[in-house]
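**Student:** Just dropping this structure here.
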Amino acid sequence: MAKFKDEVANNTRKFFKNKVPELLMYAGCSENVLLSGHGLSAPKVSGSKKNSAESLIFKVDRSLQYIQAIKLALDTMPSLYKQVIELTYFSHLKIFQIAQRVGYAERTIANSKNKMLKEFAIRFFAMQARLGIEDKDIIDLTKIKEVA
């Protein structure tokens, strides 16, 4: 079970470091959109891929859906978890800086990080389904093969 938690946490770390910046780029957003209280506009086109322009539009809209799922997953997390993830992956702070901001010991933050990442992975999966992302397109951070 501990190995499973570590794999999920590692997948989620890779997702935040590699995939989220790519999604933000395609969606035309900055990391601030994930930190703000403002919602994203809903995707506007269907999954038709008749030509390259439609394919690009589909990719942009799909990226917006994933960004919305990330935002919703973060917004439903316990406050400390949300803060630590945001400060780590969007503000790019070190553990000691995060500990100072949230008022916990560095060791507490470091020891809890895997649990926080696992919690995000579960909530992110659920939010994608809630937003109507098809099963074949869901990014499942609990599976190694799904992570970019």
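Numbering starts fresh at 1 for the residues of each chain in the structure tokens, the chains themselves are lettered A, B, ... in the order given, and ligands are numbered from 1 as they appear.
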Please identify all polymer residues within 10 Å of Glu119 in chain A, counting only C-alpha atoms, omitting same-chain residues fewer than 4 positions from it, and present them as a list of chain:residue names.
**Tutor:** A:Lys5, A:Val8, A:Ala9, A:Thr12, A:Ala73, A:Leu74, A:Met77, A:Pro78, A:Tyr81, A:Lys113, A:Asn114, A:Lys115, A:Arg123, A:Phe124
**Student:** Taking the backbone alone, and naming residues the way the document does, which bits of range 80-132 of chain A are alpha helix (DSSP H) by DSSP, as a ChimeraX atom specification?
**Tutor:** /A:80-89,95-102,106-130
**Student:** List as a ChimeraX atom specification the protein and nucleic acid residues near Glu31 in chain A, meaning an atom at most 9 Å away when only C-alpha atoms are counted, but skip any in the same chain fewer than 3 places from it.
**Tutor:** /A:20-21,24,34-35,90-91
**Student:** Go ahead and save the picked residues with N, CA and C atoms, as a CSV table (one decimal), in the first residue's frame.
**Tutor:**
chain,number,residue,atom,x,y,z
A,20,VAL,N,0.8,20.2,-16.4
A,20,VAL,CA,0.0,21.4,-16.1
A,20,VAL,C,0.6,22.6,-16.9
A,21,PRO,N,1.9,22.8,-16.9
A,21,PRO,CA,2.3,23.9,-17.8
A,21,PRO,C,1.9,23.8,-19.2
A,24,LEU,N,-1.8,24.7,-19.4
A,24,LEU,CA,-2.0,26.1,-19.3
A,24,LEU,C,-1.6,26.8,-20.6
A,34,LEU,N,-5.4,29.3,-11.8
A,34,LEU,CA,-5.6,28.3,-10.9
A,34,LEU,C,-5.7,28.8,-9.4
A,35,LEU,N,-5.1,30.0,-9.2
A,35,LEU,CA,-5.0,30.5,-7.9
A,35,LEU,C,-6.1,31.5,-7.6
A,90,PHE,N,2.8,26.2,-8.0
A,90,PHE,CA,2.5,27.5,-8.7
A,90,PHE,C,3.3,28.7,-8.2
A,91,SER,N,3.6,28.7,-7.0
A,91,SER,CA,4.5,29.8,-6.5
A,91,SER,C,5.9,29.3,-6.4
**Student:** Quick check, in Å to one decimal: how far apart do CA of Leu93 in chain A and CA of Asn32 in chain A lie?
**Tutor:**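 A separation of 15.0 Å between them.
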**Student:** Leaving out range 134-145 of chain A and any residue of its chain fewer than 2 positions from it, which residues lie within 7 Å of it when counting only C-alpha atoms, given as a list in words?
**Tutor:**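 Contacts, in chain order: Val8, Asn11, Thr12, Ala121, Phe125, Gln128, Gly132 and Val147 of chain A.
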**Student:** How would the residues just picked look written out with all heavy atoms as a CSV table (one decimal), in the first residue's frame?
**Tutor:**
chain,number,residue,atom,x,y,z
A,8,VAL,N,1.5,7.1,-6.7
A,8,VAL,CA,0.5,8.2,-7.0
A,8,VAL,C,1.1,9.5,-6.7
A,8,VAL,O,0.9,10.5,-7.5
A,8,VAL,CB,-0.8,7.9,-6.1
A,8,VAL,CG1,-1.8,9.1,-6.3
A,8,VAL,CG2,-1.5,6.6,-6.5
A,11,ASN,N,3.4,10.3,-9.6
A,11,ASN,CA,2.7,10.7,-10.8
A,11,ASN,C,2.1,12.1,-10.7
A,11,ASN,O,2.1,12.8,-11.7
A,11,ASN,CB,1.5,9.7,-11.0
A,11,ASN,CG,2.0,8.3,-11.4
A,11,ASN,OD1,3.1,8.2,-11.9
A,11,ASN,ND2,1.2,7.3,-11.3
A,12,THR,N,1.6,12.4,-9.5
A,12,THR,CA,1.0,13.8,-9.3
A,12,THR,C,2.1,14.9,-9.4
A,12,THR,O,1.9,15.9,-10.0
A,12,THR,CB,0.2,13.8,-8.0
A,12,THR,OG1,-0.7,12.7,-8.0
A,12,THR,CG2,-0.5,15.1,-7.9
A,121,ALA,N,-4.9,13.7,-6.5
A,121,ALA,CA,-5.1,12.7,-7.6
A,121,ALA,C,-6.5,12.2,-7.6
A,121,ALA,O,-7.1,12.1,-8.7
A,121,ALA,CB,-4.0,11.6,-7.5
A,125,PHE,N,-9.4,13.1,-10.5
A,125,PHE,CA,-10.1,12.1,-11.3
A,125,PHE,C,-11.6,12.3,-11.2
A,125,PHE,O,-12.2,12.3,-12.2
A,125,PHE,CB,-9.7,10.7,-10.7
A,125,PHE,CG,-10.3,9.6,-11.5
A,125,PHE,CD1,-9.6,9.0,-12.6
A,125,PHE,CD2,-11.5,9.1,-11.1
A,125,PHE,CE1,-10.2,8.0,-13.3
A,125,PHE,CE2,-12.1,8.0,-11.9
A,125,PHE,CZ,-11.4,7.5,-12.9
A,128,GLN,N,-12.8,15.4,-13.2
A,128,GLN,CA,-12.8,15.2,-14.7
A,128,GLN,C,-14.1,14.5,-15.1
A,128,GLN,O,-14.8,14.8,-16.1
A,128,GLN,CB,-11.6,14.4,-15.1
A,128,GLN,CG,-10.3,15.1,-15.0
A,128,GLN,CD,-9.1,14.2,-15.3
A,128,GLN,OE1,-8.8,14.0,-16.5
A,128,GLN,NE2,-8.6,13.5,-14.3
A,132,GLY,N,-17.7,15.8,-17.3
A,132,GLY,CA,-18.1,15.1,-18.5
A,132,GLY,C,-16.9,14.7,-19.5
A,132,GLY,O,-17.2,14.4,-20.6
A,147,VAL,N,0.6,9.2,-17.1
A,147,VAL,CA,1.2,10.4,-16.8
A,147,VAL,C,2.3,10.8,-17.8
A,147,VAL,O,3.0,9.9,-18.3
A,147,VAL,CB,2.0,10.3,-15.4
A,147,VAL,CG1,2.7,11.6,-15.0
A,147,VAL,CG2,0.9,10.0,-14.3
**Student:** Just to confirm, what's the straight-line distance from CA of Ser63 in chain A to CA of Ile98 in chain A in Å (one decimal)?
**Tutor:**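 Atom-to-atom, CA of Ser63 in chain A to CA of Ile98 in chain A, that is 28.3 Å.
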**Student:** Could you tell me how far CA of Met25 in chain A sits from CA of Ser79 in chain A, in Å to one decimal place?
**Tutor:**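 One can read the CA of Ser79 in chain A to CA of Met25 in chain A distance as 26.7 Å.
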**Student:** Smallest atom-to-atom distance to Tyr104 in chain A: which of A:Ile133, A:Met116, A:Val84, A:Met127, using only C-alpha atoms?
**Tutor:** A:Val84
**Student:** With distances taken over only C-alpha atoms, which residue among A:Gln100, A:Gln65, A:Thr76, A:Ser52 lies nearest Leu23 in chain A?
**Tutor:**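 For Leu23 in chain A, the nearest of the given residues is A:Gln65.
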**Student:** Check the smallest atom-to-atom distance from each of A:Tyr26, A:Thr108, A:His92, A:Ala69 to Ala129 in chain A using only C-alpha atoms, then report the winner.
**Tutor:**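 Closest to Ala129 in chain A, using only C-alpha atoms: A:Ala69.
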